[in-house]
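The file entry-v1.cif comes next; it holds mmCIF, C-alpha atoms and all ligand atoms.
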```cif
data_start
#
loop_
_atom_site.label_atom_id
_atom_site.label_comp_id
_atom_site.auth_asym_id
_atom_site.auth_seq_id
_atom_site.Cartn_x
_atom_site.Cartn_y
_atom_site.Cartn_z
CA MET A 13 180.34 -41.71 -16.02
CA ALA A 14 176.78 -43.10 -16.14
CA VAL A 15 175.62 -45.82 -18.52
CA LEU A 16 172.07 -46.79 -19.42
CA VAL A 17 171.89 -50.58 -19.55
CA VAL A 18 168.85 -51.26 -21.71
CA GLY A 19 167.64 -54.82 -21.16
CA GLY A 20 169.76 -54.85 -17.99
CA ALA A 21 167.32 -57.02 -16.02
CA GLY A 22 168.13 -59.91 -18.37
CA TYR A 23 170.96 -62.41 -18.33
CA ILE A 24 173.89 -60.67 -20.04
CA GLY A 25 172.73 -57.12 -19.25
CA SER A 26 172.60 -57.80 -15.50
CA HIS A 27 176.15 -59.16 -15.50
CA THR A 28 177.30 -56.13 -17.47
CA ALA A 29 175.63 -53.71 -15.04
CA LEU A 30 177.57 -55.46 -12.28
CA ALA A 31 180.85 -55.27 -14.25
CA LEU A 32 180.27 -51.53 -14.79
CA LYS A 33 179.61 -51.01 -11.07
CA ARG A 34 182.76 -52.97 -10.14
CA ARG A 35 184.79 -50.63 -12.41
CA GLY A 36 183.33 -47.54 -10.75
CA TYR A 37 180.69 -46.57 -13.32
CA GLU A 38 177.10 -45.72 -12.49
CA ALA A 39 174.74 -48.16 -14.23
CA ILE A 40 171.04 -47.39 -14.61
CA ILE A 41 168.91 -50.30 -15.79
CA TYR A 42 166.00 -49.82 -18.22
CA ASP A 43 163.90 -52.91 -18.95
CA ASN A 44 160.24 -53.74 -19.60
CA LEU A 45 160.63 -56.96 -17.55
CA GLY A 46 159.03 -58.91 -20.41
CA ALA A 47 161.77 -61.53 -20.11
CA GLY A 48 163.80 -59.84 -17.39
CA HIS A 49 163.66 -60.09 -13.61
CA ALA A 50 163.92 -57.35 -11.00
CA GLU A 51 165.93 -59.83 -8.86
CA LEU A 52 168.70 -59.64 -11.46
CA ALA A 53 169.06 -55.89 -10.78
CA PRO A 54 169.78 -55.87 -7.02
CA GLY A 55 170.98 -52.50 -5.77
CA PHE A 56 170.56 -50.81 -9.17
CA GLU A 57 168.14 -48.10 -10.17
CA LEU A 58 165.63 -49.98 -12.33
CA ILE A 59 163.36 -48.05 -14.67
CA VAL A 60 160.57 -50.23 -16.01
CA GLY A 61 159.83 -49.15 -19.57
CA ASP A 62 159.82 -50.26 -23.18
CA ILE A 63 162.48 -49.40 -25.75
CA SER A 64 159.75 -47.98 -27.99
CA ASP A 65 158.65 -45.47 -25.32
CA ALA A 66 160.60 -42.34 -26.31
CA SER A 67 158.96 -40.13 -23.68
CA LYS A 68 160.03 -42.51 -20.91
CA LEU A 69 163.55 -42.73 -22.30
CA ALA A 70 164.13 -38.98 -22.80
CA PRO A 71 164.59 -37.96 -19.12
CA VAL A 72 166.90 -40.85 -18.29
CA LEU A 73 168.97 -40.31 -21.45
CA ARG A 74 169.73 -36.82 -20.10
CA ARG A 75 171.42 -38.47 -17.10
CA VAL A 76 173.82 -40.82 -18.94
CA ASN A 77 176.87 -40.63 -21.19
CA ALA A 78 176.47 -43.95 -23.01
CA VAL A 79 173.89 -46.61 -23.86
CA MET A 80 174.33 -50.38 -23.95
CA HIS A 81 171.49 -52.09 -25.80
CA PHE A 82 170.73 -55.68 -24.75
CA ALA A 83 166.93 -55.58 -25.13
CA ALA A 84 165.70 -58.06 -27.73
CA HIS A 85 163.85 -61.28 -28.24
CA ALA A 86 166.47 -63.98 -28.65
CA TYR A 87 164.94 -67.38 -29.49
CA VAL A 88 166.03 -68.50 -32.95
CA GLY A 89 163.25 -71.12 -33.29
CA GLU A 90 160.53 -68.70 -32.19
CA SER A 91 161.80 -66.15 -34.72
CA VAL A 92 161.10 -68.68 -37.50
CA VAL A 93 157.49 -69.30 -36.45
CA ASN A 94 156.71 -65.74 -35.32
CA PRO A 95 159.00 -63.36 -37.24
CA ARG A 96 156.60 -60.44 -36.73
CA LYS A 97 157.37 -60.45 -33.00
CA TYR A 98 161.11 -60.28 -33.78
CA PHE A 99 160.99 -57.55 -36.42
CA GLN A 100 158.62 -55.54 -34.21
CA ASN A 101 160.84 -55.60 -31.12
CA ASN A 102 164.38 -56.08 -32.38
CA VAL A 103 164.10 -53.83 -35.45
CA LEU A 104 161.24 -51.33 -34.93
CA GLY A 105 161.71 -51.11 -31.15
CA GLY A 106 165.48 -51.01 -31.54
CA ILE A 107 165.40 -48.18 -34.11
CA SER A 108 162.99 -46.27 -31.90
CA LEU A 109 165.54 -46.54 -29.07
CA LEU A 110 168.31 -45.47 -31.42
CA ASN A 111 166.33 -42.40 -32.49
CA ALA A 112 165.66 -41.50 -28.85
CA VAL A 113 169.44 -41.69 -28.28
CA LEU A 114 170.08 -39.40 -31.26
CA ASP A 115 167.57 -36.93 -29.84
CA SER A 116 169.67 -36.82 -26.67
CA LYS A 117 173.31 -35.81 -26.24
CA VAL A 118 174.50 -39.42 -25.90
CA ARG A 119 176.92 -40.37 -28.67
CA LYS A 120 178.25 -43.72 -27.45
CA PHE A 121 176.29 -46.87 -28.18
CA ILE A 122 177.13 -50.52 -27.61
CA PHE A 123 174.96 -53.13 -29.25
CA SER A 124 174.43 -56.81 -28.37
CA SER A 125 174.83 -58.42 -31.74
CA SER A 126 175.32 -62.11 -32.38
CA CYS A 127 177.35 -64.62 -34.35
CA ALA A 128 173.92 -65.35 -35.92
CA VAL A 129 174.64 -62.47 -38.33
CA TYR A 130 177.16 -64.72 -40.13
CA GLY A 131 174.73 -67.59 -40.77
CA THR A 132 176.57 -70.75 -41.83
CA PRO A 133 180.21 -69.65 -41.96
CA ALA A 134 182.41 -70.47 -44.94
CA LYS A 135 185.36 -70.83 -42.58
CA VAL A 136 185.99 -71.44 -38.89
CA PRO A 137 187.30 -69.78 -36.73
CA MET A 138 185.17 -66.83 -37.79
CA SER A 139 186.64 -63.36 -38.19
CA GLU A 140 184.57 -60.18 -38.41
CA ASP A 141 185.13 -59.73 -42.14
CA LEU A 142 183.22 -62.90 -43.08
CA PRO A 143 180.10 -62.20 -45.16
CA ARG A 144 176.98 -61.61 -43.07
CA VAL A 145 174.35 -63.99 -44.39
CA PRO A 146 171.98 -64.83 -41.54
CA VAL A 147 169.91 -68.00 -41.92
CA ASN A 148 167.00 -67.17 -39.59
CA PRO A 149 164.83 -64.12 -38.85
CA TYR A 150 166.54 -63.53 -35.48
CA GLY A 151 169.90 -63.18 -37.23
CA VAL A 152 168.34 -60.91 -39.85
CA THR A 153 167.03 -58.57 -37.13
CA LYS A 154 170.54 -58.35 -35.64
CA LEU A 155 172.03 -57.63 -39.07
CA ILE A 156 169.47 -54.90 -39.81
CA PHE A 157 170.28 -53.18 -36.54
CA GLU A 158 174.03 -53.41 -37.23
CA GLN A 159 173.39 -51.81 -40.63
CA ALA A 160 171.33 -49.03 -39.05
CA LEU A 161 174.28 -48.25 -36.78
CA GLU A 162 176.67 -48.33 -39.74
CA ALA A 163 174.52 -45.66 -41.44
CA TYR A 164 173.74 -43.57 -38.34
CA GLY A 165 177.33 -43.62 -37.02
CA PRO A 166 179.04 -41.48 -39.65
CA ALA A 167 175.90 -39.47 -40.49
CA TYR A 168 175.23 -38.31 -36.92
CA GLY A 169 178.60 -38.66 -35.20
CA LEU A 170 177.48 -41.66 -33.17
CA GLY A 171 180.28 -43.93 -31.95
CA TYR A 172 179.19 -47.55 -31.76
CA ILE A 173 180.47 -51.07 -31.25
CA ASN A 174 178.60 -54.11 -32.54
CA LEU A 175 179.61 -56.87 -30.14
CA ARG A 176 178.94 -60.23 -31.77
CA TYR A 177 178.56 -62.74 -28.97
CA PHE A 178 179.04 -66.44 -29.38
CA ASN A 179 177.34 -68.71 -26.75
CA ALA A 180 177.02 -66.91 -23.43
CA ALA A 181 177.08 -69.28 -20.45
CA GLY A 182 177.91 -69.42 -16.75
CA ALA A 183 177.00 -67.03 -13.95
CA ASP A 184 178.60 -64.44 -11.73
CA GLU A 185 181.04 -66.04 -9.24
CA SER A 186 179.13 -64.43 -6.33
CA GLY A 187 176.15 -66.70 -7.05
CA THR A 188 173.81 -63.68 -6.82
CA ILE A 189 172.83 -63.42 -10.50
CA GLY A 190 172.70 -65.87 -13.39
CA GLU A 191 170.65 -67.17 -16.30
CA MET A 192 166.83 -67.16 -15.88
CA HIS A 193 165.29 -67.81 -19.28
CA SER A 194 161.82 -69.23 -19.65
CA PRO A 195 161.58 -71.46 -21.58
CA GLU A 196 165.22 -72.46 -21.31
CA THR A 197 166.84 -73.36 -24.63
CA HIS A 198 170.53 -72.95 -23.81
CA LEU A 199 172.48 -76.17 -23.51
CA ILE A 200 173.98 -75.99 -20.01
CA PRO A 201 170.87 -74.94 -18.02
CA SER A 202 168.79 -77.35 -20.14
CA ALA A 203 171.18 -80.15 -19.14
CA PHE A 204 170.69 -79.15 -15.48
CA GLU A 205 166.92 -79.46 -15.96
CA ALA A 206 167.48 -82.98 -17.27
CA ILE A 207 169.66 -83.83 -14.24
CA ARG A 208 166.82 -82.77 -11.94
CA GLY A 209 164.08 -84.51 -13.90
CA GLN A 210 162.53 -81.13 -14.82
CA ARG A 211 162.62 -82.37 -18.41
CA PRO A 212 162.57 -86.03 -19.45
CA ALA A 213 166.03 -85.91 -21.05
CA LEU A 214 168.32 -83.53 -22.85
CA ASP A 215 167.72 -83.53 -26.61
CA ILE A 216 170.89 -83.76 -28.68
CA PHE A 217 170.01 -82.30 -32.06
CA GLY A 218 171.96 -84.47 -34.48
CA ASP A 219 175.15 -86.57 -34.21
CA LYS A 220 176.13 -86.85 -37.87
CA TYR A 221 177.78 -83.45 -38.23
CA PRO A 222 181.34 -83.29 -39.63
CA THR A 223 182.79 -82.69 -36.15
CA PRO A 224 185.03 -85.02 -34.11
CA ASP A 225 182.12 -86.71 -32.26
CA GLY A 226 179.32 -85.80 -34.70
CA THR A 227 177.57 -83.29 -32.42
CA CYS A 228 177.52 -79.52 -32.98
CA VAL A 229 180.48 -77.46 -31.81
CA ARG A 230 179.98 -74.03 -30.24
CA ASP A 231 182.17 -71.40 -28.60
CA TYR A 232 180.98 -71.05 -24.97
CA ILE A 233 181.99 -67.79 -23.39
CA HIS A 234 181.61 -66.99 -19.70
CA VAL A 235 179.05 -64.24 -19.18
CA SER A 236 181.41 -62.37 -16.83
CA ASP A 237 184.09 -62.33 -19.56
CA LEU A 238 181.43 -60.95 -21.94
CA ALA A 239 180.39 -58.35 -19.38
CA GLU A 240 183.98 -57.16 -18.87
CA ALA A 241 184.38 -56.80 -22.65
CA HIS A 242 181.52 -54.26 -22.63
CA VAL A 243 183.36 -52.08 -20.13
CA LEU A 244 186.49 -52.22 -22.30
CA ALA A 245 184.44 -51.45 -25.42
CA LEU A 246 183.04 -48.38 -23.69
CA GLU A 247 186.54 -47.22 -22.78
CA TYR A 248 187.77 -47.92 -26.31
CA LEU A 249 184.98 -45.70 -27.70
CA ALA A 250 186.42 -42.69 -25.88
CA GLY A 251 189.05 -42.42 -28.64
CA GLY A 252 188.61 -45.34 -31.03
CA THR A 253 186.54 -45.72 -34.17
CA SER A 254 183.25 -47.64 -34.50
CA GLN A 255 183.73 -51.37 -35.01
CA ALA A 256 182.24 -54.83 -35.05
CA VAL A 257 183.97 -57.17 -32.62
CA ASN A 258 183.52 -60.90 -32.02
CA LEU A 259 183.31 -62.03 -28.40
CA GLY A 260 184.24 -65.68 -28.05
CA THR A 261 187.09 -67.76 -26.68
CA GLY A 262 188.39 -69.12 -29.99
CA ARG A 263 187.93 -72.70 -28.72
CA GLY A 264 184.88 -74.80 -29.55
CA TYR A 265 183.29 -77.65 -27.57
CA SER A 266 180.86 -80.25 -28.84
CA VAL A 267 177.58 -81.04 -27.12
CA ARG A 268 179.08 -84.31 -25.85
CA GLU A 269 182.13 -82.49 -24.49
CA ILE A 270 179.82 -80.14 -22.56
CA LEU A 271 177.95 -83.09 -21.07
CA SER A 272 181.30 -84.60 -19.99
CA ALA A 273 182.30 -81.30 -18.40
CA ILE A 274 179.00 -81.23 -16.50
CA LYS A 275 179.66 -84.76 -15.21
CA ARG A 276 183.23 -83.82 -14.22
CA VAL A 277 182.21 -80.63 -12.40
CA THR A 278 178.90 -81.59 -10.79
CA GLY A 279 179.37 -85.34 -10.45
CA ARG A 280 175.95 -85.77 -12.06
CA GLU A 281 175.11 -87.65 -15.25
CA VAL A 282 172.90 -85.88 -17.81
CA SER A 283 170.31 -88.21 -19.32
CA SER A 284 170.17 -87.45 -23.04
CA ARG A 285 168.43 -88.68 -26.14
CA MET A 286 168.94 -88.17 -29.85
CA ALA A 287 166.66 -85.73 -31.68
CA PRO A 288 166.61 -84.71 -35.36
CA PRO A 289 169.03 -81.95 -36.38
CA ARG A 290 167.48 -78.47 -36.36
CA ALA A 291 167.15 -76.70 -39.70
CA GLY A 292 169.87 -74.12 -40.24
CA ASP A 293 172.01 -75.29 -37.30
CA PRO A 294 175.65 -74.96 -38.48
CA ALA A 295 178.06 -77.77 -37.52
CA GLU A 296 180.58 -75.44 -35.95
CA LEU A 297 180.54 -71.82 -34.74
CA VAL A 298 183.81 -70.68 -33.22
CA ALA A 299 185.08 -67.10 -32.95
CA ASP A 300 188.37 -65.74 -34.09
CA PRO A 301 188.81 -63.36 -31.12
CA THR A 302 191.93 -61.58 -32.46
CA ARG A 303 190.24 -58.23 -33.03
CA ALA A 304 188.85 -58.11 -29.48
CA GLN A 305 192.34 -58.71 -28.17
CA GLU A 306 193.98 -56.12 -30.43
CA LEU A 307 191.41 -53.33 -30.06
CA LEU A 308 189.97 -53.87 -26.61
CA ASN A 309 192.90 -55.67 -24.99
CA TRP A 310 190.34 -58.32 -24.02
CA LYS A 311 190.66 -62.07 -23.85
CA ALA A 312 188.29 -64.60 -22.30
CA LYS A 313 189.84 -65.63 -18.99
CA ARG A 314 187.42 -68.19 -17.59
CA SER A 315 187.54 -71.90 -18.49
CA LEU A 316 184.76 -74.28 -19.45
CA ASP A 317 184.88 -75.83 -15.98
CA GLU A 318 184.40 -72.37 -14.42
CA ILE A 319 181.44 -71.83 -16.73
CA VAL A 320 179.83 -75.06 -15.60
CA ALA A 321 180.68 -74.58 -11.91
CA THR A 322 179.27 -71.04 -11.71
CA ALA A 323 176.17 -71.98 -13.72
CA TRP A 324 175.54 -74.97 -11.42
CA LYS A 325 176.02 -72.90 -8.26
CA TRP A 326 173.45 -70.38 -9.51
CA ASP A 327 171.05 -73.01 -10.78
CA GLU A 328 171.15 -74.92 -7.50
CA ARG A 329 170.24 -71.68 -5.75
CA VAL A 330 167.24 -70.84 -7.90
CA ARG A 331 166.04 -74.35 -8.77
CA PRO A 332 167.53 -76.67 -6.15
CA THR A 333 167.72 -80.41 -6.77
CA PRO A 334 164.88 -82.09 -4.83
CA LYS A 335 166.33 -84.02 -1.86
N1 LIG B 401 172.48 -65.33 -24.58
C1 LIG B 401 173.29 -65.48 -25.63
O1 LIG B 401 174.04 -66.47 -25.73
C2 LIG B 401 173.33 -64.43 -26.72
C3 LIG B 401 174.13 -64.66 -27.85
C4 LIG B 401 174.19 -63.67 -28.83
C5 LIG B 401 173.48 -62.49 -28.69
N2 LIG B 401 172.68 -62.31 -27.59
C6 LIG B 401 171.95 -61.04 -27.47
O2 LIG B 401 172.27 -60.46 -26.21
C7 LIG B 401 171.16 -59.73 -25.69
C8 LIG B 401 170.85 -60.19 -24.28
O3 LIG B 401 170.58 -61.58 -24.29
P1 LIG B 401 170.14 -62.33 -22.96
O4 LIG B 401 170.49 -63.76 -23.12
O5 LIG B 401 170.64 -61.57 -21.80
O6 LIG B 401 168.56 -62.19 -23.06
P2 LIG B 401 167.47 -61.88 -21.92
O7 LIG B 401 166.15 -62.22 -22.50
O8 LIG B 401 167.88 -62.52 -20.65
O9 LIG B 401 167.60 -60.30 -21.76
C9 LIG B 401 166.97 -59.39 -22.62
C10 LIG B 401 166.32 -58.33 -21.75
O10 LIG B 401 165.74 -57.33 -22.59
C11 LIG B 401 164.47 -57.00 -22.09
N3 LIG B 401 163.64 -56.51 -23.20
C12 LIG B 401 163.29 -57.20 -24.33
N4 LIG B 401 162.51 -56.43 -25.10
C13 LIG B 401 162.39 -55.23 -24.47
C14 LIG B 401 161.70 -54.03 -24.77
N5 LIG B 401 160.93 -53.93 -25.88
N6 LIG B 401 161.80 -52.99 -23.93
C15 LIG B 401 162.55 -53.09 -22.78
N7 LIG B 401 163.20 -54.21 -22.44
C16 LIG B 401 163.12 -55.27 -23.26
C17 LIG B 401 163.93 -58.27 -21.47
O11 LIG B 401 162.92 -58.04 -20.50
C18 LIG B 401 165.19 -58.88 -20.87
O12 LIG B 401 165.41 -58.46 -19.53
C19 LIG B 401 170.02 -59.94 -26.69
O13 LIG B 401 169.98 -58.83 -27.55
C20 LIG B 401 170.44 -61.19 -27.45
O14 LIG B 401 169.91 -61.19 -28.75
C21 LIG B 401 172.59 -63.25 -26.61
#
```

Translate the structure of the given file into structure tokens.
Ligand SMILES: NC(=O)c1ccc[n+]([C@@H]2O[C@H](COP(=O)([O-])OP(=O)(O)OC[C@H]3O[C@@H](n4cnc5c(N)ncnc54)[C@H](O)[C@@H]3O)[C@@H](O)[C@H]2O)c1
Amino acid sequence: MAVLVVGGAGYIGSHTALALKRRGYEAIIYDNLGAGHAELAPGFELIVGDISDASKLAPVLRRVNAVMHFAAHAYVGESVVNPRKYFQNNVLGGISLLNAVLDSKVRKFIFSSSCAVYGTPAKVPMSEDLPRVPVNPYGVTKLIFEQALEAYGPAYGLGYINLRYFNAAGADESGTIGEMHSPETHLIPSAFEAIRGQRPALDIFGDKYPTPDGTCVRDYIHVSDLAEAHVLALEYLAGGTSQAVNLGTGRGYSVREILSAIKRVTGREVSSRMAPPRAGDPAELVADPTRAQELLNWKAKRSLDEIVATAWKWDERVRPTPK
């Protein structure tokens, strides 16, 4: 079986292409390299193209049985100041891709959604039936695409899974691929930049939240666990019905707990400083992963220390600490 990994030269898509290959699937990567990197697609067929380019997509869609859609802009803050960019790519571009899929024979579609569709949750841990009330334009674009799939699915016989990721982190154990965002906004690689003096200090956005140590709590999920869930979702779609599924560990860690884990694993202290809380940043986002376990037989296997260790190994390779 062949799978088109759209946005597969990015962080999560590249790990998923590798997980597909390890399970014996053929993965073809399609990416405009706007935020992706050809180095993250070693040994894969890489087609450089945009999701809005239907004529480029048509021939490759004839060669695959399923599509996984990772391609999107994914900076919450940027989506607030430049929503046009987000609606253009994540909604208009995304729907254009979806229509190209419908015009092909492919009827299996897996979408990279986000816990951002829930907004500020009324209860934690968060199950899939919570109301979807996103609090920023990025989350709105993810919700709109989910709703498009919910309409297209039954109307056109398209099987889909909306995978709602919590905080992806870590890198493949081989050390060959990992996170390469620019600018970097994710906590763990940002902390590594602070360790190396590539930023003055790590900003901690608020310490007066109603959490045990006052800093925000998030559910950090190893990117290889996420990637393996995509393979299981694909296999589930062979007979199962379309679904939304949370992908998280069910255990949250505060910003301070992450900094302690970094110290424990790397032996390095992260210099940090307090910064004002960010608007719309919920105190706690933690998945209830029950549905993923029941439907996909999936459970996150890798620990926080494995997340930090693999991320550090990768980061030291691509941005080594100056001697
Ligand atoms: N990283 C996380 O923690 C997280 C959490 C929740 C959801 N997500 C979602 O998962 C997906 C992947 O995230 P990521 O962290 O790997 O991001 P990423 O930026 O590393 O990867 C996205 C890839 O899509 C490509 N792309 C973007 N627009 C495109 C277009 N118009 N045409 C072709 N290719 C295009 C980029 O070049 C990039 O390679 C995104 O949809 C994101 O919204 C990520």

Let me have all residues with an atom within 6 Å of ligand LIG 401 (chain B), counting only C-alpha atoms and all ligand atoms, laid out as a ChimeraX atom specification.
/A:19-25,43-48,61-63,82-86,101,124-126,177-180

Interatomic distance (Å, one decimal) between atom CA of A:Pro149 and atom CA of A:Gln100:
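We find that atom CA of A:Pro149 and atom CA of A:Gln100 lie 11.6 Å from each other.
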
At a cut-off of 8 Å, can you tabulate as JSON lines every residue of stretch 145-224 of chain A near stretch 279-291 of chain A together with its closest atom pair and the distance in Å to one decimal, using all atoms listed in the file and ordering rows by chain then number?
```
{"residue": "A:Ala203", "atom": "CA", "partner": "A:Val282", "partner_atom": "CA", "distance": 6.1}
{"residue": "A:Phe204", "atom": "CA", "partner": "A:Val282", "partner_atom": "CA", "distance": 7.5}
{"residue": "A:Ala206", "atom": "CA", "partner": "A:Val282", "partner_atom": "CA", "distance": 6.2}
{"residue": "A:Ile207", "atom": "CA", "partner": "A:Val282", "partner_atom": "CA", "distance": 5.2}
{"residue": "A:Ala213", "atom": "CA", "partner": "A:Ser284", "partner_atom": "CA", "distance": 4.8}
{"residue": "A:Leu214", "atom": "CA", "partner": "A:Ser284", "partner_atom": "CA", "distance": 4.3}
{"residue": "A:Asp215", "atom": "CA", "partner": "A:Arg285", "partner_atom": "CA", "distance": 5.2}
{"residue": "A:Ile216", "atom": "CA", "partner": "A:Met286", "partner_atom": "CA", "distance": 5.0}
{"residue": "A:Phe217", "atom": "CA", "partner": "A:Pro289", "partner_atom": "CA", "distance": 4.4}
{"residue": "A:Gly218", "atom": "CA", "partner": "A:Pro289", "partner_atom": "CA", "distance": 4.3}
{"residue": "A:Asp219", "atom": "CA", "partner": "A:Met286", "partner_atom": "CA", "distance": 7.8}
```

Deliver the residues from the most recent selection as a file, using C-alpha atoms, as a PDB file, keeping the file's coordinate frame.
```
ATOM      1  CA  ALA A 203     171.180 -80.150 -19.140  1.00  0.00           C
ATOM      2  CA  PHE A 204     170.690 -79.150 -15.480  1.00  0.00           C
ATOM      3  CA  ALA A 206     167.480 -82.980 -17.270  1.00  0.00           C
ATOM      4  CA  ILE A 207     169.660 -83.830 -14.240  1.00  0.00           C
ATOM      5  CA  ALA A 213     166.030 -85.910 -21.050  1.00  0.00           C
ATOM      6  CA  LEU A 214     168.320 -83.530 -22.850  1.00  0.00           C
ATOM      7  CA  ASP A 215     167.720 -83.530 -26.610  1.00  0.00           C
ATOM      8  CA  ILE A 216     170.890 -83.760 -28.680  1.00  0.00           C
ATOM      9  CA  PHE A 217     170.010 -82.300 -32.060  1.00  0.00           C
ATOM     10  CA  GLY A 218     171.960 -84.470 -34.480  1.00  0.00           C
ATOM     11  CA  ASP A 219     175.150 -86.570 -34.210  1.00  0.00           C
TER      12      ASP A 219
END
```

Using all atoms listed in the file, which protein or nucleic acid residues come within 8 Å of A:Ile40? Drop anything in the same chain fewer than 3 positions from it, and give the result as a ChimeraX atom specification.
/A:14-17,29,56-59

Distance atom CA of A:Leu199-atom CA of A:Asn174, one decimal place?
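So the two atoms, atom CA of A:Leu199 and atom CA of A:Asn174, lie 24.6 Å apart.
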
Distance query A:Gln159 at most 12 Å, only C-alpha atoms, self and fewer than 2 positions along chain excluded, as a list in words:
Val103, Ile107, Phe123, Ser125, Val129, Arg144, Val152, Thr153, Lys154, Leu155, Ile156, Phe157, Leu161, Glu162, Ala163, Tyr164, Gly165, Pro166, Tyr172, Ile173, Asn174, Gln255 and Ala256 of chain A

Can you write just those residues out, C-alpha atoms, as an mmCIF file, in the coordinates of the input?
```cif
data_model
loop_
_atom_site.group_PDB
_atom_site.id
_atom_site.type_symbol
_atom_site.label_atom_id
_atom_site.label_comp_id
_atom_site.auth_asym_id
_atom_site.auth_seq_id
_atom_site.Cartn_x
_atom_site.Cartn_y
_atom_site.Cartn_z
ATOM 1 C CA VAL A 103 164.100 -53.830 -35.450
ATOM 2 C CA ILE A 107 165.400 -48.180 -34.110
ATOM 3 C CA PHE A 123 174.960 -53.130 -29.250
ATOM 4 C CA SER A 125 174.830 -58.420 -31.740
ATOM 5 C CA VAL A 129 174.640 -62.470 -38.330
ATOM 6 C CA ARG A 144 176.980 -61.610 -43.070
ATOM 7 C CA VAL A 152 168.340 -60.910 -39.850
ATOM 8 C CA THR A 153 167.030 -58.570 -37.130
ATOM 9 C CA LYS A 154 170.540 -58.350 -35.640
ATOM 10 C CA LEU A 155 172.030 -57.630 -39.070
ATOM 11 C CA ILE A 156 169.470 -54.900 -39.810
ATOM 12 C CA PHE A 157 170.280 -53.180 -36.540
ATOM 13 C CA LEU A 161 174.280 -48.250 -36.780
ATOM 14 C CA GLU A 162 176.670 -48.330 -39.740
ATOM 15 C CA ALA A 163 174.520 -45.660 -41.440
ATOM 16 C CA TYR A 164 173.740 -43.570 -38.340
ATOM 17 C CA GLY A 165 177.330 -43.620 -37.020
ATOM 18 C CA PRO A 166 179.040 -41.480 -39.650
ATOM 19 C CA TYR A 172 179.190 -47.550 -31.760
ATOM 20 C CA ILE A 173 180.470 -51.070 -31.250
ATOM 21 C CA ASN A 174 178.600 -54.110 -32.540
ATOM 22 C CA GLN A 255 183.730 -51.370 -35.010
ATOM 23 C CA ALA A 256 182.240 -54.830 -35.050
#
```

Residues within 12 Å of (188.1, -72.4, -42.0), file coords, only C-alpha atoms, listed as a PyMOL selection string:
chain A and resi 132-139+142+296-300

Name the residues within 8 Å of (182.0, -84.3, -29.8), counting all atoms listed in the file in the file's coordinates, and put them as a PyMOL selection string.
chain A and resi 223-229+265-269

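Take atom CA of A:Val277 and atom CA of A:Arg34: the distance between them is 27.8 Å.
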
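Distances here use only C-alpha atoms; by that measure, the residue among A:Pro143, A:Ile274, A:His27, A:Val60 closest to A:Ile41 is A:Val60.
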
Which one is closest to A:Arg96: A:Pro71, A:Arg230, A:Leu52, A:Tyr150? Count only C-alpha atoms.
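Counting only C-alpha atoms, the residue closest to A:Arg96 is A:Tyr150.
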
Could you tell me which of A:Thr197, A:Asn77, A:Asn94, A:Ser64 comes closest to A:Ala39 if we count only C-alpha atoms?
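Counting only C-alpha atoms, the residue closest to A:Ala39 is A:Asn77.
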
Using all atoms listed in the file: which of A:Asp327, A:Ala50, A:Ile233, A:Tyr168 has the shortest distance to A:Ser202:
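Looking only at the distances to A:Ser202, the closest residue turns out to be A:Asp327.
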
Given all atoms listed in the file as the basis, pick out the residue of A:Arg74, A:Lys33, A:Arg211, A:Arg303 nearest to A:Ala112.
A:Arg74

Just checking: using all atoms listed in the file, which residue out of A:Leu109, A:Val76, A:Cys127, A:Ala53 ends up closest to A:Gly151?
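That would be A:Cys127, the residue with the smallest distance to A:Gly151.
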
With only C-alpha atoms as the counted atoms, please give the residues lying no more than 10 Å from A:Ser186, apart from itself and same-chain residues fewer than 5 positions off, as a ChimeraX atom specification.
/A:322,325-326

A:Phe121: which residues within 9 Å, counting only C-alpha atoms, same-chain residues fewer than 4 positions away excluded, as a VMD selection string?
chain A and resid 78 to 81 110 113 161 170 to 174 246 249

Output requested as a CSV table (one decimal), in the frame of the given file - stretch 35-42 of chain A, filled out with N, CA and C atoms.
```
chain,number,residue,atom,x,y,z
A,35,ARG,N,183.7,-51.5,-11.9
A,35,ARG,CA,184.8,-50.6,-12.4
A,35,ARG,C,184.5,-49.2,-12.1
A,36,GLY,N,183.5,-48.9,-11.2
A,36,GLY,CA,183.3,-47.5,-10.8
A,36,GLY,C,182.4,-46.7,-11.6
A,37,TYR,N,181.7,-47.3,-12.5
A,37,TYR,CA,180.7,-46.6,-13.3
A,37,TYR,C,179.3,-46.6,-12.6
A,38,GLU,N,178.5,-45.6,-12.9
A,38,GLU,CA,177.1,-45.7,-12.5
A,38,GLU,C,176.3,-46.4,-13.6
A,39,ALA,N,175.6,-47.5,-13.2
A,39,ALA,CA,174.7,-48.2,-14.2
A,39,ALA,C,173.3,-48.0,-13.8
A,40,ILE,N,172.5,-47.5,-14.8
A,40,ILE,CA,171.0,-47.4,-14.6
A,40,ILE,C,170.4,-48.4,-15.5
A,41,ILE,N,169.5,-49.2,-15.0
A,41,ILE,CA,168.9,-50.3,-15.8
A,41,ILE,C,167.5,-49.9,-16.3
A,42,TYR,N,167.3,-50.1,-17.6
A,42,TYR,CA,166.0,-49.8,-18.2
A,42,TYR,C,165.5,-51.1,-18.8
```
